[in-house]
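Below is start11.tsv, holding TSV, C-alpha atoms and all ligand atoms.
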chain	number	residue	atom	x	y	z
A	598	MET	CA	178.48	111.86	181.19
A	599	ALA	CA	175.28	110.26	179.95
A	600	MET	CA	172.26	112.29	178.95
A	601	ILE	CA	169.09	111.63	180.94
A	602	ALA	CA	165.52	111.29	179.71
A	603	PRO	CA	163.01	111.00	182.57
A	604	SER	CA	159.97	108.94	181.54
A	605	ILE	CA	156.72	110.68	182.41
A	606	LEU	CA	155.01	107.29	182.57
A	607	SER	CA	155.92	107.37	186.27
A	608	ALA	CA	154.74	110.96	186.76
A	609	ASP	CA	151.49	111.91	188.47
A	610	PHE	CA	149.20	112.91	185.60
A	611	LYS	CA	147.09	114.99	187.95
A	612	GLN	CA	150.01	117.39	188.00
A	613	LEU	CA	151.88	116.53	184.85
A	614	GLY	CA	153.14	120.07	184.22
A	615	ASN	CA	154.74	120.24	187.67
A	616	ASP	CA	156.27	116.78	187.35
A	617	ILE	CA	157.83	117.75	184.03
A	618	GLU	CA	159.16	121.02	185.46
A	619	ALA	CA	160.64	119.01	188.33
A	620	VAL	CA	163.16	117.43	185.92
A	621	SER	CA	164.12	120.55	183.98
A	622	ASN	CA	167.82	119.72	184.47
A	623	ALA	CA	167.41	116.60	182.29
A	624	ASP	CA	168.28	116.44	178.58
A	625	TYR	CA	165.04	115.08	177.10
A	626	ILE	CA	161.54	114.24	178.28
A	627	HIS	CA	160.68	110.63	177.40
A	628	VAL	CA	157.06	109.99	176.41
A	629	ASP	CA	155.78	106.40	176.27
A	630	VAL	CA	152.99	105.87	173.77
A	631	MET	CA	151.24	102.48	174.05
A	632	ASP	CA	148.31	101.19	172.03
A	633	GLY	CA	147.11	98.14	173.97
A	634	LYS	CA	148.03	95.98	170.98
A	635	PHE	CA	151.77	96.06	170.44
A	636	VAL	CA	152.08	96.14	174.22
A	637	PRO	CA	149.51	95.17	176.87
A	638	ASN	CA	148.90	98.69	178.12
A	639	ILE	CA	147.30	101.91	176.83
A	640	THR	CA	148.86	105.23	177.73
A	641	ILE	CA	149.46	108.51	175.97
A	642	GLY	CA	148.30	110.02	172.68
A	643	PRO	CA	149.07	113.25	170.81
A	644	LEU	CA	146.87	115.25	173.20
A	645	ILE	CA	149.19	114.61	176.14
A	646	VAL	CA	152.29	115.10	173.98
A	647	ASP	CA	150.91	118.55	173.15
A	648	ALA	CA	150.42	119.27	176.88
A	649	ALA	CA	153.94	118.04	177.66
A	650	LYS	CA	155.34	120.29	174.92
A	651	ARG	CA	153.75	123.31	176.55
A	652	SER	CA	155.25	122.33	179.93
A	653	THR	CA	158.94	122.32	178.98
A	654	SER	CA	161.58	123.66	176.64
A	655	LEU	CA	163.36	120.29	176.65
A	656	PRO	CA	163.06	118.18	173.51
A	657	LEU	CA	160.41	115.46	173.59
A	658	ASP	CA	161.66	111.93	172.99
A	659	VAL	CA	158.54	110.08	171.88
A	660	HIS	CA	158.71	106.28	172.13
A	661	LEU	CA	155.97	104.69	170.03
A	662	MET	CA	155.05	101.22	171.26
A	663	ILE	CA	152.27	100.89	168.71
A	664	GLU	CA	151.46	98.80	165.67
A	665	ASP	CA	151.56	100.46	162.25
A	666	PRO	CA	153.21	103.66	163.53
A	667	ASP	CA	153.21	105.31	160.07
A	668	ARG	CA	149.56	106.22	160.63
A	669	TYR	CA	150.36	108.47	163.58
A	670	VAL	CA	153.78	109.98	162.83
A	671	GLY	CA	152.24	113.21	161.48
A	672	ASP	CA	149.99	113.62	164.52
A	673	PHE	CA	152.87	113.23	166.96
A	674	VAL	CA	155.02	115.70	165.02
A	675	LYS	CA	152.17	118.21	165.09
A	676	ALA	CA	151.83	117.64	168.84
A	677	GLY	CA	155.49	118.56	169.39
A	678	ALA	CA	157.66	115.42	169.18
A	679	ASP	CA	161.34	116.15	168.55
A	680	ILE	CA	162.44	112.52	168.26
A	681	ILE	CA	160.12	109.73	167.14
A	682	THR	CA	161.22	106.18	167.87
A	683	VAL	CA	159.44	103.17	166.40
A	684	HIS	CA	159.84	99.50	167.24
A	685	VAL	CA	161.53	97.39	164.62
A	686	GLU	CA	159.12	94.56	165.55
A	687	ALA	CA	156.18	96.81	164.57
A	688	CYS	CA	157.50	97.93	161.18
A	689	THR	CA	157.30	95.77	158.07
A	690	HIS	CA	159.03	98.45	156.00
A	691	LEU	CA	161.35	99.95	158.57
A	692	HIS	CA	163.44	101.94	156.11
A	693	ARG	CA	160.32	103.59	154.70
A	694	THR	CA	159.05	104.46	158.17
A	695	ILE	CA	162.39	106.06	159.05
A	696	GLN	CA	162.26	108.18	155.90
A	697	LEU	CA	158.68	109.18	156.72
A	698	ILE	CA	159.71	110.38	160.20
A	699	LYS	CA	162.66	112.33	158.79
A	700	SER	CA	160.50	113.89	156.07
A	701	HIS	CA	158.62	115.66	158.89
A	702	GLY	CA	161.87	117.32	160.00
A	703	VAL	CA	162.26	115.45	163.30
A	704	LYS	CA	164.84	112.91	164.46
A	705	ALA	CA	164.19	109.22	163.85
A	706	GLY	CA	164.89	106.36	166.24
A	707	VAL	CA	164.48	102.58	166.17
A	708	ALA	CA	163.78	100.47	169.24
A	709	LEU	CA	164.57	96.81	169.91
A	710	ASN	CA	162.81	94.54	172.38
A	711	PRO	CA	165.12	92.64	174.76
A	712	HIS	CA	165.11	89.48	172.62
A	713	THR	CA	165.49	91.17	169.23
A	714	PRO	CA	168.98	90.87	167.74
A	715	VAL	CA	170.94	94.02	166.91
A	716	ALA	CA	171.32	92.69	163.35
A	717	MET	CA	167.70	93.78	162.76
A	718	VAL	CA	168.83	97.43	162.71
A	719	GLN	CA	172.36	97.05	161.42
A	720	HIS	CA	171.46	98.22	157.93
A	721	VAL	CA	169.65	101.35	159.08
A	722	ILE	CA	172.17	102.56	161.66
A	723	GLU	CA	173.47	105.08	159.14
A	724	ASP	CA	169.95	106.42	158.56
A	725	VAL	CA	168.78	106.94	162.14
A	726	ASP	CA	169.60	109.40	164.90
A	727	LEU	CA	168.92	107.00	167.74
A	728	VAL	CA	168.83	103.30	168.61
A	729	LEU	CA	166.82	102.43	171.71
A	730	LEU	CA	167.55	99.16	173.50
A	731	MET	CA	164.75	97.95	175.72
A	732	THR	CA	166.09	96.50	178.96
A	733	VAL	CA	162.62	95.40	180.10
A	734	ASN	CA	159.70	94.01	178.12
A	735	PRO	CA	157.85	97.15	177.03
A	736	GLY	CA	154.49	97.94	178.58
A	737	PHE	CA	155.03	99.11	182.14
A	738	GLY	CA	157.30	101.18	184.31
A	739	GLY	CA	158.97	99.81	187.42
A	740	GLN	CA	160.22	96.47	186.04
A	741	SER	CA	163.65	94.92	186.65
A	742	PHE	CA	166.56	95.50	184.29
A	743	ILE	CA	167.39	92.53	182.02
A	744	GLN	CA	171.17	92.06	182.22
A	745	ALA	CA	171.32	89.96	179.03
A	746	VAL	CA	170.81	93.15	176.99
A	747	LEU	CA	174.17	94.65	178.04
A	748	PRO	CA	176.20	92.97	175.26
A	749	LYS	CA	173.71	94.33	172.73
A	750	ILE	CA	174.58	97.88	173.79
A	751	ALA	CA	178.22	97.13	173.04
A	752	GLU	CA	177.25	95.72	169.64
A	753	VAL	CA	175.35	98.88	168.71
A	754	ARG	CA	178.27	100.99	169.95
A	755	LYS	CA	180.60	99.05	167.65
A	756	PHE	CA	178.42	99.66	164.57
A	757	ALA	CA	177.98	103.30	165.55
A	758	ASN	CA	181.73	103.81	165.80
A	759	GLU	CA	182.05	102.47	162.27
A	760	VAL	CA	179.23	104.32	160.49
A	761	ASN	CA	177.47	106.85	162.74
A	762	GLU	CA	179.49	108.38	165.55
A	763	GLU	CA	176.72	110.85	166.39
A	764	LEU	CA	174.25	108.05	167.11
A	765	LEU	CA	172.27	108.32	170.32
A	766	ILE	CA	172.35	104.94	172.04
A	767	GLU	CA	169.44	104.93	174.45
A	768	VAL	CA	168.59	102.39	177.12
A	769	ASP	CA	165.07	102.09	178.49
A	770	GLY	CA	163.77	100.06	181.42
A	771	GLY	CA	164.93	99.35	184.95
A	772	VAL	CA	167.56	102.08	184.94
A	773	ASN	CA	168.84	103.02	188.40
A	774	GLU	CA	172.21	104.20	189.68
A	775	GLU	CA	173.71	100.74	189.42
A	776	THR	CA	172.38	99.73	186.00
A	777	ALA	CA	172.99	103.24	184.59
A	778	LYS	CA	176.69	102.78	185.16
A	779	GLN	CA	176.69	99.37	183.45
A	780	CYS	CA	174.84	100.76	180.42
A	781	VAL	CA	177.30	103.60	179.98
A	782	GLU	CA	180.25	101.24	180.39
A	783	HIS	CA	178.82	99.22	177.50
A	784	GLY	CA	178.45	102.29	175.27
A	785	ALA	CA	175.07	103.92	175.96
A	786	ASN	CA	174.91	107.72	176.02
A	787	LEU	CA	171.23	108.36	176.77
A	788	LEU	CA	169.39	106.81	179.71
A	789	VAL	CA	165.64	106.71	180.23
A	790	ALA	CA	164.58	106.51	183.86
A	791	GLY	CA	161.01	106.56	185.10
A	792	SER	CA	160.28	105.03	188.48
A	793	HIS	CA	163.81	105.57	189.76
A	794	ILE	CA	163.50	109.35	189.33
A	795	TYR	CA	159.83	109.86	190.16
A	796	LYS	CA	159.84	107.80	193.35
A	797	GLN	CA	162.33	110.24	194.88
A	798	ASN	CA	161.28	113.48	196.52
A	799	ASP	CA	164.04	115.51	194.93
A	800	ARG	CA	163.80	114.68	191.22
A	801	LYS	CA	166.41	117.20	190.16
A	802	GLN	CA	168.89	115.61	192.49
A	803	ALA	CA	168.00	112.16	191.12
A	804	VAL	CA	168.76	113.37	187.58
A	805	GLU	CA	171.98	115.00	188.76
A	806	ARG	CA	173.09	111.80	190.51
A	807	LEU	CA	172.51	109.72	187.36
A	808	LYS	CA	174.62	112.20	185.41
A	809	SER	CA	177.47	112.35	187.88
A	810	ILE	CA	177.56	108.59	188.36
A	811	THR	CA	178.08	108.09	184.63
A	812	GLU	CA	180.95	110.56	184.26
B	1	LIG	C1	158.44	100.73	179.30
B	1	LIG	C2	158.72	102.15	178.89
B	1	LIG	C3	159.73	102.81	179.74
B	1	LIG	C4	159.33	102.96	181.18
B	1	LIG	C5	160.58	102.90	181.99
B	1	LIG	O1	157.67	100.11	178.33
B	1	LIG	O2	159.19	102.20	177.55
B	1	LIG	O3	160.11	104.09	179.20
B	1	LIG	O4	158.65	104.15	181.47
B	1	LIG	O5	160.24	102.87	183.33
B	1	LIG	P1	161.29	102.45	184.46
B	1	LIG	O6	162.45	103.38	184.38
B	1	LIG	O7	160.49	102.57	185.71
B	1	LIG	O8	161.70	101.02	184.16
B	2	ZN	ZN	160.08	104.17	176.81

Serialized structure, structure tokens:
Amino acid sequence: MAMIAPSILSADFKQLGNDIEAVSNADYIHVDVMDGKFVPNITIGPLIVDAAKRSTSLPLDVHLMIEDPDRYVGDFVKAGADIITVHVEACTHLHRTIQLIKSHGVKAGVALNPHTPVAMVQHVIEDVDLVLLMTVNPGFGGQSFIQAVLPKIAEVRKFANEVNEELLIEVDGGVNEETAKQCVEHGANLLVAGSHIYKQNDRKQAVERLKSITE
């Protein structure tokens, strides 16, 4: 059974606390941080992460889609992040950034855009807690799943089986009941879902369905 991380990007920020409570049967809360530079959208900063933290006891999975993430790691830890994931395309010294995140006592993840080869993270798979594979171009919720990423999930799974069996293999973008199943079949164990969950009236049931479908 896959673990589920609802993305609050698709929540209604007028009632963020309620929309986070509505998915309390999930495993993580996924928080999308965008800087308008690395991606063409601006979203959430530490202030909202702090508010999310006070709305749930679930761990916060903070996905940084920002340039030069080292500058903000401390702020997001202080705000309550439990996992901090950075994009390999945004890090010149990826190994150093991973060590920085871990030095704050939180879990470290690395994310890959759809076109970025898995080889870019091969040599840090032992050092990280999570690899996130983007299955849409980062920036917005509600986009269609890019099928060409599926073999990359299997590649990460293969490396993980060799050197890091505990690795969280997360998929983000266009996840619905159909694509969730494909991701898990290829080796993913953590699924982000934003629009698919939040467009439904019964969000708990949507989370439950994603879990049961991936058993
Ligand atoms: C996209 C974000 C995703 C997004 C997923 O840049 O990283 O987490 O919220 O949204 P859906 O599930 O609607 O594709
Ligand atoms: Zn995300």

Using only C-alpha atoms and all ligand atoms, what table do you get, as JSON lines, when you list each residue of chain A with an atom no more than 8 Å from ligand ZN 2 (chain B), its nearest pair of atoms, and their distance in Å rounded to one decimal, rows by chain then rising number?
{"residue": "A:Ser604", "atom": "CA", "partner": "B:ZN2", "partner_atom": "ZN", "distance": 6.7}
{"residue": "A:His627", "atom": "CA", "partner": "B:ZN2", "partner_atom": "ZN", "distance": 6.5}
{"residue": "A:Val628", "atom": "CA", "partner": "B:ZN2", "partner_atom": "ZN", "distance": 6.6}
{"residue": "A:Asp629", "atom": "CA", "partner": "B:ZN2", "partner_atom": "ZN", "distance": 4.9}
{"residue": "A:Val630", "atom": "CA", "partner": "B:ZN2", "partner_atom": "ZN", "distance": 7.9}
{"residue": "A:Val659", "atom": "CA", "partner": "B:ZN2", "partner_atom": "ZN", "distance": 7.8}
{"residue": "A:His660", "atom": "CA", "partner": "B:ZN2", "partner_atom": "ZN", "distance": 5.3}
{"residue": "A:Leu661", "atom": "CA", "partner": "B:ZN2", "partner_atom": "ZN", "distance": 7.9}
{"residue": "A:Met731", "atom": "CA", "partner": "B:ZN2", "partner_atom": "ZN", "distance": 7.9}
{"residue": "A:Pro735", "atom": "CA", "partner": "B:ZN2", "partner_atom": "ZN", "distance": 7.4}
{"residue": "A:Asp769", "atom": "CA", "partner": "B:ZN2", "partner_atom": "ZN", "distance": 5.7}
{"residue": "A:Gly770", "atom": "CA", "partner": "B:ZN2", "partner_atom": "ZN", "distance": 7.2}
{"residue": "A:Val789", "atom": "CA", "partner": "B:ZN2", "partner_atom": "ZN", "distance": 7.0}

Go through chain A and flag each residue having an atom no more than 10 Å from ligand LIG 1 (chain B); for those, report the closest pair of atoms plus their distance in Å to one decimal, using only C-alpha atoms and all ligand atoms, ordered by chain and rising number, as a Markdown table.
| residue | atom | partner | partner_atom | distance |
| --- | --- | --- | --- | --- |
| A:Ala602 | CA | B:LIG1 | O3 | 9.0 |
| A:Pro603 | CA | B:LIG1 | O6 | 7.9 |
| A:Ser604 | CA | B:LIG1 | O4 | 5.0 |
| A:Ile605 | CA | B:LIG1 | O4 | 6.9 |
| A:Leu606 | CA | B:LIG1 | O4 | 4.9 |
| A:Ser607 | CA | B:LIG1 | O4 | 6.4 |
| A:Ala608 | CA | B:LIG1 | O4 | 9.5 |
| A:His627 | CA | B:LIG1 | O3 | 6.8 |
| A:Val628 | CA | B:LIG1 | O3 | 7.2 |
| A:Asp629 | CA | B:LIG1 | O2 | 5.6 |
| A:Val630 | CA | B:LIG1 | O2 | 8.1 |
| A:Met631 | CA | B:LIG1 | O1 | 8.1 |
| A:Val636 | CA | B:LIG1 | O1 | 8.0 |
| A:Pro637 | CA | B:LIG1 | O1 | 9.6 |
| A:Asn638 | CA | B:LIG1 | O1 | 8.9 |
| A:Val659 | CA | B:LIG1 | O3 | 9.6 |
| A:His660 | CA | B:LIG1 | O2 | 6.8 |
| A:Leu661 | CA | B:LIG1 | O2 | 8.6 |
| A:Met662 | CA | B:LIG1 | O2 | 7.6 |
| A:Ala708 | CA | B:LIG1 | O2 | 9.6 |
| A:Asn710 | CA | B:LIG1 | O1 | 9.6 |
| A:Leu729 | CA | B:LIG1 | O2 | 9.6 |
| A:Leu730 | CA | B:LIG1 | O2 | 9.8 |
| A:Met731 | CA | B:LIG1 | O2 | 7.2 |
| A:Thr732 | CA | B:LIG1 | O8 | 8.2 |
| A:Val733 | CA | B:LIG1 | C1 | 6.8 |
| A:Asn734 | CA | B:LIG1 | O1 | 6.4 |
| A:Pro735 | CA | B:LIG1 | O1 | 3.2 |
| A:Gly736 | CA | B:LIG1 | O1 | 3.9 |
| A:Phe737 | CA | B:LIG1 | C1 | 4.7 |
| A:Gly738 | CA | B:LIG1 | O5 | 3.5 |
| A:Gly739 | CA | B:LIG1 | O7 | 3.6 |
| A:Gln740 | CA | B:LIG1 | O8 | 5.1 |
| A:Ser741 | CA | B:LIG1 | O8 | 6.9 |
| A:Phe742 | CA | B:LIG1 | O8 | 7.4 |
| A:Val768 | CA | B:LIG1 | O3 | 8.9 |
| A:Asp769 | CA | B:LIG1 | O3 | 5.4 |
| A:Gly770 | CA | B:LIG1 | O8 | 3.6 |
| A:Gly771 | CA | B:LIG1 | O8 | 3.7 |
| A:Val772 | CA | B:LIG1 | O6 | 5.3 |
| A:Asn773 | CA | B:LIG1 | O6 | 7.6 |
| A:Leu788 | CA | B:LIG1 | O6 | 9.0 |
| A:Val789 | CA | B:LIG1 | O6 | 6.2 |
| A:Ala790 | CA | B:LIG1 | O6 | 3.8 |
| A:Gly791 | CA | B:LIG1 | O6 | 3.6 |
| A:Ser792 | CA | B:LIG1 | O7 | 3.7 |
| A:His793 | CA | B:LIG1 | O6 | 6.0 |
| A:Ile794 | CA | B:LIG1 | O6 | 7.8 |
| A:Tyr795 | CA | B:LIG1 | O7 | 8.6 |
| A:Lys796 | CA | B:LIG1 | O7 | 9.3 |

Since we have the selection now, will you write its residues out, keeping C-alpha atoms, as a tab-separated table (two decimals), in the frame of the given file?
chain	number	residue	atom	x	y	z
A	602	ALA	CA	165.52	111.29	179.71
A	603	PRO	CA	163.01	111.00	182.57
A	604	SER	CA	159.97	108.94	181.54
A	605	ILE	CA	156.72	110.68	182.41
A	606	LEU	CA	155.01	107.29	182.57
A	607	SER	CA	155.92	107.37	186.27
A	608	ALA	CA	154.74	110.96	186.76
A	627	HIS	CA	160.68	110.63	177.40
A	628	VAL	CA	157.06	109.99	176.41
A	629	ASP	CA	155.78	106.40	176.27
A	630	VAL	CA	152.99	105.87	173.77
A	631	MET	CA	151.24	102.48	174.05
A	636	VAL	CA	152.08	96.14	174.22
A	637	PRO	CA	149.51	95.17	176.87
A	638	ASN	CA	148.90	98.69	178.12
A	659	VAL	CA	158.54	110.08	171.88
A	660	HIS	CA	158.71	106.28	172.13
A	661	LEU	CA	155.97	104.69	170.03
A	662	MET	CA	155.05	101.22	171.26
A	708	ALA	CA	163.78	100.47	169.24
A	710	ASN	CA	162.81	94.54	172.38
A	729	LEU	CA	166.82	102.43	171.71
A	730	LEU	CA	167.55	99.16	173.50
A	731	MET	CA	164.75	97.95	175.72
A	732	THR	CA	166.09	96.50	178.96
A	733	VAL	CA	162.62	95.40	180.10
A	734	ASN	CA	159.70	94.01	178.12
A	735	PRO	CA	157.85	97.15	177.03
A	736	GLY	CA	154.49	97.94	178.58
A	737	PHE	CA	155.03	99.11	182.14
A	738	GLY	CA	157.30	101.18	184.31
A	739	GLY	CA	158.97	99.81	187.42
A	740	GLN	CA	160.22	96.47	186.04
A	741	SER	CA	163.65	94.92	186.65
A	742	PHE	CA	166.56	95.50	184.29
A	768	VAL	CA	168.59	102.39	177.12
A	769	ASP	CA	165.07	102.09	178.49
A	770	GLY	CA	163.77	100.06	181.42
A	771	GLY	CA	164.93	99.35	184.95
A	772	VAL	CA	167.56	102.08	184.94
A	773	ASN	CA	168.84	103.02	188.40
A	788	LEU	CA	169.39	106.81	179.71
A	789	VAL	CA	165.64	106.71	180.23
A	790	ALA	CA	164.58	106.51	183.86
A	791	GLY	CA	161.01	106.56	185.10
A	792	SER	CA	160.28	105.03	188.48
A	793	HIS	CA	163.81	105.57	189.76
A	794	ILE	CA	163.50	109.35	189.33
A	795	TYR	CA	159.83	109.86	190.16
A	796	LYS	CA	159.84	107.80	193.35

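For the residues A:Asp624, A:Glu805, A:Glu759, A:Asp724, ranking by smallest atom-to-atom distance to Thr653 of chain A using all atoms listed in the file places A:Asp624 first.
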
(request) For Asp667 of chain A, please output as a PyMOL selection string all residues within 10 Å (counting all atoms listed in the file; exclusion window: fewer than 3 positions along the same chain). (result) chain A and resi 663-664+670-672+683+688+690-691+693-695+697-698

Quick one: residues within 6 Å of Ile680 of chain A, all atoms listed in the file, excluding same-chain residues fewer than 5 positions away - as a compact mmCIF listing (two decimals) with C-alpha atoms, in the coordinates of the input?
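The result, written out as selection13.txt:
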# COMPACT_ATOMS: atom_id res chain seq x y z
CA ASP A 658 161.66 111.93 172.99
CA VAL A 659 158.54 110.08 171.88
CA VAL A 703 162.26 115.45 163.30
CA LYS A 704 164.84 112.91 164.46
CA ALA A 705 164.19 109.22 163.85

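Among A:Ile810, A:Ile626, A:Ile766, A:Val715, the residue with the shortest atom-to-atom distance to Pro748 of chain A, counting all atoms listed in the file, is A:Val715.
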
(request) Grab the atom CA of Thr776 of chain A to atom CA of His712 of chain A distance for me, in Å with one decimal place. (result)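 Those two atoms sit 18.4 Å apart.
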
(request) Figure out the distance between atom CA of Lys808 of chain A and atom CA of Met598 of chain A, please, to one decimal in Å. (result)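 It comes out at 5.7 Å.
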
(message) For a test of reading the model, state the distance in Å between atom CA of Ile722 of chain A and atom CA of Ile641 of chain A, rounded to one decimal.
(response)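 Calculated distance between atom CA of Ile722 of chain A and atom CA of Ile641 of chain A is 27.5 Å.
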
(message) Give me the residues near Gln779 of chain A as an MDAnalysis selection string, where near means some atom within 9 Å (using only C-alpha atoms) and where sequence neighbours in that chain fewer than 6 positions away do not count.
(response) chainID A and resid 747 785 811

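Near Gly706 of chain A, within 6 Å and counting only C-alpha atoms, sit Ile681, Thr682, Val725, Asp726, Leu727 and Val728 of chain A; same-chain residues fewer than 3 positions away were not included.
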
Given the selection you just returned, output its residues as a file containing C-alpha atoms, formatted as a PDB file, in the frame of the given file.
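Output below, filename result_10.pdb:
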ATOM      1  CA  ILE A 681     160.120 109.730 167.140  1.00  0.00           C
ATOM      2  CA  THR A 682     161.220 106.180 167.870  1.00  0.00           C
ATOM      3  CA  VAL A 725     168.780 106.940 162.140  1.00  0.00           C
ATOM      4  CA  ASP A 726     169.600 109.400 164.900  1.00  0.00           C
ATOM      5  CA  LEU A 727     168.920 107.000 167.740  1.00  0.00           C
ATOM      6  CA  VAL A 728     168.830 103.300 168.610  1.00  0.00           C
TER       7      VAL A 728
END

(message) Is it possible to get the residues within 9 Å of (174.0, 101.6, 166.3) (coordinates as in the file, counting all atoms listed in the file) written as a list in words?
(response)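 The residues that fall inside the cut-off are Val715, Val718, Gln719, Val721, Ile722, Glu723, Val725, Leu727, Val728, Ile750, Glu752, Val753, Arg754, Lys755, Phe756, Ala757, Asn758, Val760, Asn761, Glu762, Leu764, Leu765 and Ile766 of chain A.
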
(message) Nearest residue to Gly784 of chain A out of A:Ala599, A:Gly677, A:Val620, A:Lys634, using all atoms listed in the file?
(response) A:Ala599

Enclose all atoms of segment 648-652 of chain A listed in the file in an axis-aligned box, grow every side by 8 Å, and hand back centre and edge lengths in Å to one decimal, as AutoDock Vina command-line options.
--center_x 152.9 --center_y 120.7 --center_z 177.4 --size_x 20.9 --size_y 21.3 --size_z 21.0
